[in-house]
Amino acid sequence: MSGAATNMRVKLPAICLVLQIILIILFGVLVQYNHDTDAKLWHKGNQSDYENDFYYRYPSFQDVHVMIFVGFGFLMTFLQRYGFSSVGFNFLIAAFSLQWATLMQGFFHGFHGGKIHIGVESMINADFCTGAVLISFGAVLGKTSPVQLLVMAMFEVTLFAINEYILLSLLGARDAGGSMTIHTFGAYFGLVVTRVLYRPNLDKSKQRNSSVYHSDLFAMIGTLFLWMFWPSFNSAVTAHGDDQHRTAMNTYYSLASCTLATFGMSALTAHDGKLDMVHIQNAALAGGVAIGTAGEMMLTPFGSMIVGFLAGIISVLGFKYLSPILESKLKIQDTCGVHNLHGMPGILGAIVGAVTAAAATTEIYGGGMKDVFPDVASNSRDSFKQGGLQAISLLVTLGMALVGGLIVGFILKLPIYGSPPDTICYEDSIYWEVPGEEETHDDQLTTVRAEEVEKLNS
Amino acid sequence: MSGAATNMRVKLPAICLVLQIILIILFGVLVQYNHDTDAKLWHKGNQSDYENDFYYRYPSFQDVHVMIFVGFGFLMTFLQRYGFSSVGFNFLIAAFSLQWATLMQGFFHGFHGGKIHIGVESMINADFCTGAVLISFGAVLGKTSPVQLLVMAMFEVTLFAINEYILLSLLGARDAGGSMTIHTFGAYFGLVVTRVLYRPNLDKSKQRNSSVYHSDLFAMIGTLFLWMFWPSFNSAVTAHGDDQHRTAMNTYYSLASCTLATFGMSALTAHDGKLDMVHIQNAALAGGVAIGTAGEMMLTPFGSMIVGFLAGIISVLGFKYLSPILESKLKIQDTCGVHNLHGMPGILGAIVGAVTAAAATTEIYGGGMKDVFPDVASNSRDSFKQGGLQAISLLVTLGMALVGGLIVGFILKLPIYGSPPDTICYEDSIYWEVPGEEETHDDQLTTVRAEEVEKLNS
Amino acid sequence: MSGAATNMRVKLPAICLVLQIILIILFGVLVQYNHDTDAKLWHKGNQSDYENDFYYRYPSFQDVHVMIFVGFGFLMTFLQRYGFSSVGFNFLIAAFSLQWATLMQGFFHGFHGGKIHIGVESMINADFCTGAVLISFGAVLGKTSPVQLLVMAMFEVTLFAINEYILLSLLGARDAGGSMTIHTFGAYFGLVVTRVLYRPNLDKSKQRNSSVYHSDLFAMIGTLFLWMFWPSFNSAVTAHGDDQHRTAMNTYYSLASCTLATFGMSALTAHDGKLDMVHIQNAALAGGVAIGTAGEMMLTPFGSMIVGFLAGIISVLGFKYLSPILESKLKIQDTCGVHNLHGMPGILGAIVGAVTAAAATTEIYGGGMKDVFPDVASNSRDSFKQGGLQAISLLVTLGMALVGGLIVGFILKLPIYGSPPDTICYEDSIYWEVPGEEETHDDQLTTVRAEEVEKLNS
């Protein structure tokens with residue numbers, strides 16, 4: 001990997017502008033307003049304005065939107081010198097992915113008469129798909145160029161849409177909050193990619209692969225917005241009425257329970273009984289991941305709290321004991337620990353979903369069965385089979401993520417994307433104009449850094 | 001207080017995990033979905049989905065949620081070396097309190113056939129109760145261990161629920177935004193606790209009891225999210241329709257008016273006419289506190305602006321002149337100045353509520369009387385009596401807070417919680433793994449700090 | 001301009017408290033609850049609670065509110081030593097402007113029987129008007145005193161309301177997201193003001209007119225909240241139903257497209273192919289500005305993406321090539337580059353709106369024509385004329401902004417407001433008590449700074 005390749009003067013403009021122009025053309029050819037956004041269609045019916053799907057979903061959409069851009073973006077600012085890239089590349093690849101996802105998901109859902117019909121629900125789904133890409137971004141954070149990330153996003157969005165189609169349409173699985181489609185898929189896809197991109201000499205950059213005091217506070221902005229809005233995330237596309245209401249509530253209690261488990265486990269496992277910010281920033285969110293599939297089901301707050309509790313424990317243990325092993329034995333350099341926040345809790349969520357689905361009865365769900373398990377309500381399958389298909393969906397997802405990640409990983413290994421050399425990973429100044437520190441402060445340091453980059457680029 | 005006690009290796013995991021397991025068991029035994037969240041019950045009726053309470057209250061709930069976790073959490077990051085604890089312990093005790101509050105409030109409201117029925121309104125009320133605990137946290141900030149805070153939260157939530165029950169159910173008082181139940185109660189409870197926990201040698205930590213430039217900016221994140229979402233806070237549980245609408249609007253104007261009063265008073269009282277960040281961060285919010293009771297009433301924007309104006313003035317004067325006296329004469333070490341932001345403005349709000357209630361007439365309220373003052377609308381009391389009961393409610397609240405704070409303060413004084421020694425208050429590194437500053441930057445400083453902690457812990 | 005004048009001890013309290021008292025009196029005389037916020041009026045009808053305008057608009061209002069206080073406030077924290085003033089003065093002038101705007105806009109709209117009727121829609125409009133003032137603030141950032149800013153706000157709000165009345169009521173133009181009324185007006189007004197306030201010796205402060213690492217991250221908080229909530233901004237006051245839905249969606253795609261264009265252009269034009277934070281923080285938002293007028297029209301996502309793409313390109317080019325020329329040749333010292341973010345994209349938005357309006361047909365809009373173009377639907381004008389009036393509206397706006405900015409600029413040039421001397425612009429410590437850096441850190445620097453201010457003030 002030649003250092004000079006990190007110059008983005010040609011590559012980044014080329015890919016950004018070309019991709020955007022292609023997107024515009026495809027939208028021109030393929031995309032249409034749906035019934036609820038089209039002036040003529042909406043006014044044809046006699047519907048009252050308050051029945052427009054906008055009012056059911058837009059507040060949730062906005063919360064999801066905040067999670068994608070501020071939540072994921074700031075969560076990754078914990079690194080001392082990678083805040084611009086964390087927030088900035090998160091911004092770039094999310095802005096790309098949501099457009100590309102509109103098309104890819106549109107091919108599989110909402111394709112009518114050769115046109116993709118879009119509205120607030122497709123916007124939420126596009127943001128969801130983007131979430132999976134950002135999870136994978138977490139695994140490769142600090143070691144990839146923006147061009148590489150855009151290429152990864154392009155492939156991952158496509159595979160996401162295929163996997164989602166298999167799960168939700170072909171297998172009839174339920175996964176409103178995306179424990180499988182978003183978290184499991186995004187995490188294992190990213191882990192395989194980072195495995196393929198393994199850098200044996202990455203410890204040359206290890207002094208930068210850590211936080212400083214204020215970067216940890218910035219990261220907490222991300223953590224908290226993810227935590228607070230997760231009830232909206234899981235309920236954003238569930239059925240109107242009791243479903244959205246119940247899903248939000250289950251998620252609320254799962255996360256609260258997970259947070260206590262996280263603090264407890266962090267003090268138990270960390271050095272000298274001191275809390276570790278990495279755990280608080282990440283593991284406290286595992287309760288949202290693990291309730292992603294079963295959140296809309298009649299899991300009860302009691303069940304939700306158990307799920308959150310387990311997720312928090314698993315996640316902290318993963319950060320403490322599993323991540324070092326993954327790195328040393330399996331050569332998986334997982335910068336943000338997405339295996340602990342999204343991978344294992346995602347699998348837990350899929351299993352909980354399968355079990356809860358298998359236990360569904362008309363006695364419990366009543367007339368609401370048709371919203372949560374339409375195939376069971378219509379007698380085209382029984383609850384037990386629904387549970388089995390949920391389990392199969394997890395396996396499909398893992399397979400898609402592993403195979404997809406492998407292929408895409410090798411594509412991303414090509415030495416053409418300008419990824420940083422091993423000695424200057426986790427460093428903003430390689431892709432950004434970085435300002436000096438305050439005035440007279442440490443010009444020296446900045447100068448040293450700039451020189452280092454120069455040298456390596458030549 | 002032995003320094004070694006600050007090691008949280010056993011205590012914090014024990015209390016977190018045990019409390020969470022107890023919560024899970026109690027939820028399993030006692031808690032049920034309410035009508036609007038239960039699949040079977042909701043689908044039994046013929047209600048339209050848009051009538052589900054979720055759509056009336058969930059956007060407000062999310063705003064309240066942001067206030068609790070980001071608002072309170074970041075407001076307290078103003079201290080230079082206590083950001084992890086401010087945001088982190090805020091996170092921990094809020095996650096615990098909202099679960100415990102669901103149970104405690106559930107015993108007094110929403111208890112049907114031995115079960116607590118929950119939905120979005122109970123979630124908002126749980127967050128409200130949590131707010132009171134976080135206000136008390138502000139009074140003891142920097143001087144307490146996380147175990148101590150959890151114990152405080154356990155007792156305070158219980159007392160909050162009792163006080164709320166006396167006010168809203170027994171006395172039939174109105175207090176939608178919690179001037180009395182949340183702010184007055186939380187502030188005076190916390191002030192008594194901090195009085196009991198008085199530390200005569202706290203000035204040994206005084207160099208850390210101040211802000212730095214960026215910590216003040218982080219605190220403004222908290223301030224602004226509290227300020228912006230306060231209209232949602234006060235209107236979150238008022239009656240549907242005009243009530244929610246009016247409450248939000250009154251709060252909006254009260255806060256705007258308060259902000260101008262705060263800037264004016266800050267420049268007037270501070271050194272050399274320079275603005276003081278402490279005032280802007282805190283006093284500008286007093287307008288939200290003081291409109292908490294009367295916000296849903298026909299106070300008019302005019303009345304709301306007067307209330308906000310007075311609240312801002314009182315609050316700045318409190319920070320400037322009263323807080324030093326409270327500390328030197330009454331030995332009340334109120335870290336965040338909650339007396340100025342929540343205490344006095346809370347009392348003001350209670351009084352304004354009592355007067356506004358006493359002045360209510362059918363001429364003004366029309367058919368809306370039944371929403372705002374149901375007891376007056378049903379002729380079971382007249383407006384004047386309603387006002388009197390509002391005033392009594394304030395006295396009950398103060399009594400509960402003072403007596404409760406006294407008892408809980410002595411419980412928290414036991415030398416078993418691992419609270420920090422006087423010399424290392426306001427310091428994250430006592431409970432957290434704190435990263436060094438940037439690279440070569442000031443390793444020396446960090447080393448010195450670590451050594452200091454070591455020494456004091458031995 | 002005498003240095004001693006920067007002491008705010010008398011001026012700032014006087015203007016804040018007097019203005020607030022005047023506002024209170026005027027609200028007392030003039031302002032009333034509207035139908036949806038008044039207890040009696042609302043309960044007179046037989047409307048269902050879900051038809052209250054609150055539920056259609058309050059979530060959007062809250063998003064707009066976040067944009068005004070956190071979005072604009074933090075966007076301007078990019079300067080290394082002006083964070084307190086950016087967030088703080090933004091807070092102050094916004095709190096003033098929204099009250100004053102309620103009155104000024106109320107005179108022209110919603111004035112019934114001598115009373116101004118207010119509700120959630122007027123709150124949104126007041127926040128919108130405030131947005132224009134904050135845009136102008138961006139042009140003069142760092143070079144003005146808070147008193148000067150309040151005086152500017154007082155005049156600008158008044159002129160805004162007049163211009164808005166001419167456009168929306170007299171000319172019947174459509175401008176839901178304010179490409180003309182908010183962005184074009186605010187930008188050119190501010191640019192003329194900063195031209196009149198031209199400081200030939202401003203380069204004496206140039207070492208402070210730049211960012212540091214963490215100030216750029218704080219600014220990204222502002223950028224992202226603006227970006228995420230812009231769909232709510234543009235749709236906040238459009239007609240219920242498909243209109244709000246469509247506007248939000250068009251804005252979403254315009255912004256995504258703009259973001260890719262911004263990253264591409266930034267790498268293309270910046271030094272060594274490195275991305276420039278100024279572009280990312282600002283130009284990525286131009287897509288929201290440029291879709292402000294046409295967003296509610298049947299522009300299609302395709303059209304929206306083209307608009308966003310062009311806006312991003314224009315904006316980056318403006319920052320790179322035009323701003324330096326404006327400063328050197330036209331003596332326009334535009335601190336935040338509002339010409340690139342609000343000025344040119346605002347004009348683009350007005351033109352797109354005019355063209356889209358001229359192309360409107362009943363075939364496309366159907367029964368929705370009456371919501372988007374009521375004058376065309378009622379046959380009082382044809383689409384082509386609507387387009388023409390949109391174009392005239394742009395010219396009127398530019399005229400109002402230029403003439404208004406000129407007059408107000410000269411008013412603000414009077415040496416009575418305590419604006420900072422040329423040598424200490426972009427510096428918080430002139431108006432704020434600024435804490436030292438962390439402990440032992442750089443007391444020296446702070447001392448030097450304080451002395452510098454002393455010296456210049458004497």
# chains A, B, ... in the order shown; residues from 1 in each chain; ligands from 1
>>> residues_around(residues="range 77-84 of chain A", least_positions_apart="2", cutoff="9 Å", atoms="only C-alpha atoms", output="PDB file with N, CA and C atoms, in the first residue's frame")
ATOM      1  N   GLY A  73     -22.343   8.417  14.582  1.00  0.00           N
ATOM      2  CA  GLY A  73     -21.231   9.324  14.288  1.00  0.00           C
ATOM      3  C   GLY A  73     -20.421   9.663  15.531  1.00  0.00           C
ATOM      4  N   PHE A  74     -21.101  10.101  16.576  1.00  0.00           N
ATOM      5  CA  PHE A  74     -20.357  10.507  17.768  1.00  0.00           C
ATOM      6  C   PHE A  74     -19.897   9.322  18.607  1.00  0.00           C
ATOM      7  N   LEU A  75     -20.629   8.225  18.570  1.00  0.00           N
ATOM      8  CA  LEU A  75     -20.160   7.036  19.297  1.00  0.00           C
ATOM      9  C   LEU A  75     -18.724   6.703  18.909  1.00  0.00           C
ATOM     10  N   SER A  86     -14.504  10.041  12.073  1.00  0.00           N
ATOM     11  CA  SER A  86     -15.609   9.275  12.635  1.00  0.00           C
ATOM     12  C   SER A  86     -16.929   9.941  12.279  1.00  0.00           C
ATOM     13  N   VAL A  87     -17.046  11.203  12.635  1.00  0.00           N
ATOM     14  CA  VAL A  87     -18.290  11.918  12.343  1.00  0.00           C
ATOM     15  C   VAL A  87     -18.430  12.170  10.849  1.00  0.00           C
ATOM     16  N   GLY A  88     -17.322  12.531  10.208  1.00  0.00           N
ATOM     17  CA  GLY A  88     -17.379  12.941   8.803  1.00  0.00           C
ATOM     18  C   GLY A  88     -17.632  11.787   7.849  1.00  0.00           C
ATOM     19  N   PHE A  89     -16.888  10.695   7.993  1.00  0.00           N
ATOM     20  CA  PHE A  89     -17.096   9.571   7.072  1.00  0.00           C
ATOM     21  C   PHE A  89     -18.431   8.892   7.376  1.00  0.00           C
ATOM     22  N   LEU A 141     -12.966   0.889  11.531  1.00  0.00           N
ATOM     23  CA  LEU A 141     -12.699   2.301  11.840  1.00  0.00           C
ATOM     24  C   LEU A 141     -11.205   2.577  11.999  1.00  0.00           C
ATOM     25  N   GLY A 142     -10.773   3.611  11.303  1.00  0.00           N
ATOM     26  CA  GLY A 142      -9.395   4.057  11.472  1.00  0.00           C
ATOM     27  C   GLY A 142      -8.412   3.431  10.508  1.00  0.00           C
ATOM     28  N   ARG A 208      -2.324   5.742  19.014  1.00  0.00           N
ATOM     29  CA  ARG A 208      -3.485   6.564  18.627  1.00  0.00           C
ATOM     30  C   ARG A 208      -4.814   5.818  18.784  1.00  0.00           C
ATOM     31  N   ASN A 209      -4.722   4.490  18.966  1.00  0.00           N
ATOM     32  CA  ASN A 209      -5.935   3.676  19.101  1.00  0.00           C
ATOM     33  C   ASN A 209      -6.419   3.670  20.544  1.00  0.00           C
ATOM     34  N   SER A 210      -6.690   4.847  21.059  1.00  0.00           N
ATOM     35  CA  SER A 210      -7.191   4.976  22.414  1.00  0.00           C
ATOM     36  C   SER A 210      -7.839   6.344  22.537  1.00  0.00           C
ATOM     37  N   SER A 211      -8.501   6.552  23.645  1.00  0.00           N
ATOM     38  CA  SER A 211      -9.266   7.786  23.800  1.00  0.00           C
ATOM     39  C   SER A 211      -8.478   8.821  24.596  1.00  0.00           C
ATOM     40  N   VAL A 212      -8.951  10.043  24.596  1.00  0.00           N
ATOM     41  CA  VAL A 212      -8.529  11.045  25.579  1.00  0.00           C
ATOM     42  C   VAL A 212      -9.790  11.504  26.314  1.00  0.00           C
ATOM     43  N   TYR A 213      -9.593  12.295  27.335  1.00  0.00           N
ATOM     44  CA  TYR A 213     -10.707  12.642  28.213  1.00  0.00           C
ATOM     45  C   TYR A 213     -11.916  13.209  27.449  1.00  0.00           C
ATOM     46  N   HIS A 214     -11.682  14.248  26.662  1.00  0.00           N
ATOM     47  CA  HIS A 214     -12.819  14.876  25.989  1.00  0.00           C
ATOM     48  C   HIS A 214     -13.378  14.028  24.855  1.00  0.00           C
ATOM     49  N   SER A 215     -12.550  13.206  24.220  1.00  0.00           N
ATOM     50  CA  SER A 215     -13.096  12.361  23.152  1.00  0.00           C
ATOM     51  C   SER A 215     -14.071  11.335  23.733  1.00  0.00           C
ATOM     52  N   ASP A 216     -13.819  10.907  24.960  1.00  0.00           N
ATOM     53  CA  ASP A 216     -14.766   9.999  25.600  1.00  0.00           C
ATOM     54  C   ASP A 216     -16.096  10.693  25.919  1.00  0.00           C
ATOM     55  N   LEU A 217     -16.015  11.972  26.217  1.00  0.00           N
ATOM     56  CA  LEU A 217     -17.273  12.707  26.457  1.00  0.00           C
ATOM     57  C   LEU A 217     -18.046  12.909  25.165  1.00  0.00           C
ATOM     58  N   PHE A 218     -17.334  13.216  24.085  1.00  0.00           N
ATOM     59  CA  PHE A 218     -18.022  13.321  22.798  1.00  0.00           C
ATOM     60  C   PHE A 218     -18.706  11.999  22.456  1.00  0.00           C
ATOM     61  N   ALA A 219     -18.017  10.897  22.731  1.00  0.00           N
ATOM     62  CA  ALA A 219     -18.604   9.597  22.424  1.00  0.00           C
ATOM     63  C   ALA A 219     -19.884   9.358  23.219  1.00  0.00           C
ATOM     64  N   MET A 220     -19.931   9.906  24.441  1.00  0.00           N
ATOM     65  CA  MET A 220     -21.146   9.719  25.238  1.00  0.00           C
ATOM     66  C   MET A 220     -22.364  10.409  24.614  1.00  0.00           C
ATOM     67  N   GLY A 222     -22.982  10.321  21.472  1.00  0.00           N
ATOM     68  CA  GLY A 222     -23.460   9.266  20.592  1.00  0.00           C
ATOM     69  C   GLY A 222     -24.184   8.174  21.348  1.00  0.00           C
ATOM     70  N   VAL A 278     -15.397   2.359  27.866  1.00  0.00           N
ATOM     71  CA  VAL A 278     -15.729   1.555  26.690  1.00  0.00           C
ATOM     72  C   VAL A 278     -16.988   0.723  26.946  1.00  0.00           C
ATOM     73  N   TYR A 426      -5.851   5.483  12.423  1.00  0.00           N
ATOM     74  CA  TYR A 426      -6.524   6.244  13.493  1.00  0.00           C
ATOM     75  C   TYR A 426      -6.053   7.694  13.522  1.00  0.00           C
ATOM     76  N   GLU A 427      -5.860   8.297  12.387  1.00  0.00           N
ATOM     77  CA  GLU A 427      -5.283   9.641  12.355  1.00  0.00           C
ATOM     78  C   GLU A 427      -6.043  10.486  11.324  1.00  0.00           C
ATOM     79  N   ASP A 428      -6.680  11.553  11.814  1.00  0.00           N
ATOM     80  CA  ASP A 428      -7.451  12.421  10.929  1.00  0.00           C
ATOM     81  C   ASP A 428      -6.612  13.111   9.868  1.00  0.00           C
ATOM     82  N   SER A 429      -5.389  13.498  10.236  1.00  0.00           N
ATOM     83  CA  SER A 429      -4.665  14.426   9.352  1.00  0.00           C
ATOM     84  C   SER A 429      -4.299  13.795   8.014  1.00  0.00           C
ATOM     85  N   TRP A 432      -7.793  14.825   6.308  1.00  0.00           N
ATOM     86  CA  TRP A 432      -8.427  16.096   6.654  1.00  0.00           C
ATOM     87  C   TRP A 432      -7.381  17.180   6.868  1.00  0.00           C
ATOM     88  N   VAL A 434      -6.292  19.447   9.319  1.00  0.00           N
ATOM     89  CA  VAL A 434      -6.513  19.506  10.758  1.00  0.00           C
ATOM     90  C   VAL A 434      -5.945  20.803  11.309  1.00  0.00           C
TER      91      VAL A 434
ATOM     92  N   GLU B 437      -4.112  12.384  28.751  1.00  0.00           N
ATOM     93  CA  GLU B 437      -4.361  13.406  27.747  1.00  0.00           C
ATOM     94  C   GLU B 437      -3.692  12.973  26.457  1.00  0.00           C
ATOM     95  N   GLU B 438      -3.788  13.799  25.455  1.00  0.00           N
ATOM     96  CA  GLU B 438      -3.311  13.420  24.138  1.00  0.00           C
ATOM     97  C   GLU B 438      -1.818  13.122  24.128  1.00  0.00           C
ATOM     98  N   GLU B 439      -1.499  11.949  23.618  1.00  0.00           N
ATOM     99  CA  GLU B 439      -0.104  11.509  23.412  1.00  0.00           C
ATOM    100  C   GLU B 439       0.929  12.094  24.364  1.00  0.00           C
TER     101      GLU B 439
ATOM    102  N   TYR C 213      -9.046  21.720  17.145  1.00  0.00           N
ATOM    103  CA  TYR C 213      -9.587  20.385  16.899  1.00  0.00           C
ATOM    104  C   TYR C 213     -10.964  20.164  17.546  1.00  0.00           C
ATOM    105  N   HIS C 214     -11.056  20.409  18.835  1.00  0.00           N
ATOM    106  CA  HIS C 214     -12.328  20.133  19.504  1.00  0.00           C
ATOM    107  C   HIS C 214     -13.412  21.137  19.151  1.00  0.00           C
ATOM    108  N   ASP C 216     -13.969  22.250  16.264  1.00  0.00           N
ATOM    109  CA  ASP C 216     -14.565  21.734  15.027  1.00  0.00           C
ATOM    110  C   ASP C 216     -15.523  20.577  15.301  1.00  0.00           C
ATOM    111  N   LEU C 217     -15.234  19.802  16.322  1.00  0.00           N
ATOM    112  CA  LEU C 217     -16.164  18.717  16.672  1.00  0.00           C
ATOM    113  C   LEU C 217     -17.441  19.269  17.287  1.00  0.00           C
ATOM    114  N   MET C 220     -19.662  20.332  14.617  1.00  0.00           N
ATOM    115  CA  MET C 220     -20.369  19.239  13.918  1.00  0.00           C
ATOM    116  C   MET C 220     -21.673  18.860  14.616  1.00  0.00           C
ATOM    117  N   MET C 277     -12.962  20.882   6.906  1.00  0.00           N
ATOM    118  CA  MET C 277     -14.099  20.855   7.829  1.00  0.00           C
ATOM    119  C   MET C 277     -15.102  21.986   7.582  1.00  0.00           C
TER     120      MET C 277
END
>>> residues_around(residues="range 116-128 of chain B", least_positions_apart="5", cutoff="9 Å", atoms="only C-alpha atoms", output="ChimeraX atom specification")
/A:245-246,248-249,252 /B:27,30-37,53-54,57-58,60-62,64-65,68,94,97-103,105-107,109-111,177-178,182,233,236-237
>>> interface_residues(of="chain C", to="chain B", cutoff="6 Å", atoms="only C-alpha atoms", output="list of chain:residue names")
C:Asn7, C:Met8, C:Arg9, C:Leu12, C:Pro13, C:Cys16, C:Leu17, C:Ile24, C:Phe27, C:Gly28, C:Asp36, C:Thr37, C:Ala39, C:Lys40, C:His43, C:Asp49, C:Asn52, C:Phe54, C:Ala95, C:Tyr431, C:Trp432, C:Glu433, C:Pro435, C:Gly436, C:Glu437, C:Glu438
>>> atom_distance(atom1="CA of Asn201 in chain B", atom2="CA of Ile93 in chain B")
26.9 Å
>>> residues_around(residues="Leu348 in chain C", least_positions_apart="6", cutoff="12 Å", atoms="only C-alpha atoms", output="MDAnalysis selection string")
chainID C and resid 179:180 183:184 286:294 306:315 340:342 354:355 391 394
>>> select_by_dssp(residues="range 94-162 of chain B", states="strand (DSSP E)", output="VMD selection string")
chain B and resid 111 to 112 115 to 118
